[in-house]
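Peer 1: Got a structure for you, questions after.
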Amino acid sequence: MNSQTVEETIQKPSAAIDSRRWPSVAKVPSSPIAAASAAIADRLLRRAAARLPLRLVYPDRTVVGAADPTAPTLVVHQPEALARRIGRYGLIGFGESYMAGEWSSDDLTAVLTVFATSVADLVPRTLQWLRPIGPAFRPRWRGTSRHQARRNIAEHYDLSNELFAEFLDETMTYSCALFPQLPASPDDLVAAQRRKIDRLLDMAEVGCGSRVLEIGTGWGELCIRAAARGARVRSVTLSAEQQRLARLRVAAAGLSDSVQIDLCDYRDVEGCYDAVVSVEMIEAVGYHSWPRYFATLEQLVRPGGRVAIQAITMPHSRMLASRNTHTWIQKYIFPGGLLPSTQAIAGITERHTGLHTVDMTSLRTHYAETLRLWREQFMRRRNNPAHLGFDDVFARMWELYLAYSEAGFRSGYLDVYQWTFAREEHR
């Protein structure tokens, strides 16, 4: 970051924040606890910058961290506000501070990738015992009822089909693509999304006459491609907005006679199918419901049939550490969700079901690239969501979410697998 850019970003004013819509973002913590913990948070942030390939730039032109001016740079506009938020609410406060415009970066993904690479060591072990007892870290829900599951999905997926269309490609596919080569260009995304879907359908052995169940409809592209193979598809979703658009897209493809899309919880589905497919849906199920999820998949697929899922995962140790916490992603993006680990999935399926692994393929680098393309498209159209009723705080929140996710895959903190199971013939 050159000196002119630093000068401009330090003096960047923050816009007024709607306190009714963003109560936690509009108000900087002012309690005695927040004031006392702010000094500790500031020291931890400076300590992290001194140890990592990262630079912090403060309003008085103080630079902490890497001497290399090309290193990822976090520009702090309001140091006291940032420290108070981190001190009181940890990483939730860090995210809310970005939403409030109290810090910025001209390469947000690079900054977050540095943090993601060292996420387990950012807080000294002597202080990590404090994490579970702070109110910011308590999860809101222990289990996920059908009513709560529908609310959780609606909070994200029912925001606006038009919003998602601002950064997704024409297939409206909101999951990892599979590119023939990396890096990719925006023009590659449509074919890469269909390539991903086709691989999953191939692994599930979906063909002419197959009875297919899809859990988690998205906006209908998998339904369309499965039906185009001659399969009969039932797809279930908890998002009314997705159901509406998916039905329109299926009808436009002339496949309504082969595809049924229902507003239905997966736990209420009955029947027997040759293949069950579920793309990046387990992440919303919740920790306590994973055994029920896989038991349901087994129950719904015929003996000898295939189950093919695409699942985002995190390291097992981090999953165990975060399963009883409340995170920025849960608060603002995906309420009620938790990423599983490969160890958790393998353990549940091996101990409690008759599903055995046929194939397990990582698409991690492809997800980092998918997210880069989404983020760049969103930033090109960053002002458009305002016409849909989304303000600047929302735009910063969405930018942080996309960059945060990309950083997770680039650092290796997150992974994503196409995981195929076969149900035992006799159990």
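Numbering starts fresh at 1 for the residues of each chain in the structure tokens, the chains themselves are lettered A, B, ... in the order given, and ligands are numbered from 1 as they appear.
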Write out as an NGL selection string the residues lying within 12 Å of A:Ala35, counting only C-alpha atoms and excluding same-chain residues fewer than 4 positions away.

Peer 2: :A and (28-31 or 39-42 or 80-88)

Peer 1: With stretch 392-400 of chain A as the partner and 12 Å as the cut-off, tabulate the residues of stretch 146-234 of chain A that qualify, each row holding the nearest pair of atoms and their distance in Å to one decimal, using only C-alpha atoms, sorted by chain and rising number, as CSV.

Peer 2:
residue,atom,partner,partner_atom,distance
A:His156,CA,A:Trp398,CA,11.2
A:Leu159,CA,A:Phe394,CA,11.3
A:Leu163,CA,A:Trp398,CA,10.6
A:Phe164,CA,A:Trp398,CA,10.9
A:Glu166,CA,A:Trp398,CA,12.0
A:Phe167,CA,A:Trp398,CA,11.0

Peer 1: For the residues in that selection, give me N, CA, C and O atoms as a compact mmCIF listing (two decimals), in the first residue's frame.

Peer 2:
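Now in result.txt:
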# COMPACT_ATOMS: atom_id res chain seq x y z
N HIS A 156 -31.03 -15.85 5.29
CA HIS A 156 -29.97 -15.71 4.29
C HIS A 156 -30.53 -15.80 2.88
O HIS A 156 -30.38 -14.88 2.07
N LEU A 159 -33.24 -13.21 1.35
CA LEU A 159 -32.91 -11.78 1.31
C LEU A 159 -33.47 -11.14 0.05
O LEU A 159 -34.17 -10.14 0.11
N LEU A 163 -30.57 -9.82 -5.30
CA LEU A 163 -29.26 -9.60 -4.68
C LEU A 163 -28.27 -10.68 -5.13
O LEU A 163 -27.15 -10.37 -5.53
N PHE A 164 -28.67 -11.94 -5.05
CA PHE A 164 -27.78 -13.02 -5.44
C PHE A 164 -27.44 -12.95 -6.93
O PHE A 164 -26.34 -13.29 -7.35
N GLU A 166 -26.82 -10.41 -8.51
CA GLU A 166 -25.81 -9.38 -8.73
C GLU A 166 -24.41 -9.97 -8.84
O GLU A 166 -23.54 -9.39 -9.47
N PHE A 167 -24.16 -11.13 -8.19
CA PHE A 167 -22.79 -11.65 -8.24
C PHE A 167 -22.69 -13.10 -8.71
O PHE A 167 -21.59 -13.56 -9.04

Peer 1: Would you mind listing what lies within 9 Å of A:Tyr401 as JSON, numbers by chain, with only C-alpha atoms counted and same-chain residues fewer than 5 positions away left out?

Peer 2: {"A": [329, 333, 396, 406]}

Peer 1: Could you save the residues just selected, with N, CA, C and O atoms, as a PDB file, in the first residue's frame?

Peer 2:
ATOM      1  N   ILE A 329     -20.118 -15.013  11.565  1.00  0.00           N
ATOM      2  CA  ILE A 329     -20.842 -15.647  10.454  1.00  0.00           C
ATOM      3  C   ILE A 329     -22.230 -16.088  10.902  1.00  0.00           C
ATOM      4  O   ILE A 329     -23.222 -15.909  10.189  1.00  0.00           O
ATOM      5  N   ILE A 333     -24.614 -13.904   8.881  1.00  0.00           N
ATOM      6  CA  ILE A 333     -24.704 -14.532   7.557  1.00  0.00           C
ATOM      7  C   ILE A 333     -25.512 -15.831   7.589  1.00  0.00           C
ATOM      8  O   ILE A 333     -26.527 -15.963   6.911  1.00  0.00           O
ATOM      9  N   ARG A 396     -20.738  -3.602   3.089  1.00  0.00           N
ATOM     10  CA  ARG A 396     -19.474  -3.938   3.739  1.00  0.00           C
ATOM     11  C   ARG A 396     -19.542  -5.321   4.387  1.00  0.00           C
ATOM     12  O   ARG A 396     -18.572  -6.081   4.364  1.00  0.00           O
ATOM     13  N   GLU A 406     -13.259 -16.639   1.130  1.00  0.00           N
ATOM     14  CA  GLU A 406     -12.157 -16.876   0.201  1.00  0.00           C
ATOM     15  C   GLU A 406     -10.852 -17.094   0.957  1.00  0.00           C
ATOM     16  O   GLU A 406     -10.065 -18.006   0.639  1.00  0.00           O
TER      17      GLU A 406
END

Peer 1: Choose the residue, out of A:Ile17, A:Ala403, A:Val277, A:Val269, that has the smallest atom-to-atom separation from A:Leu373; count only C-alpha atoms.

Peer 2: A:Ala403
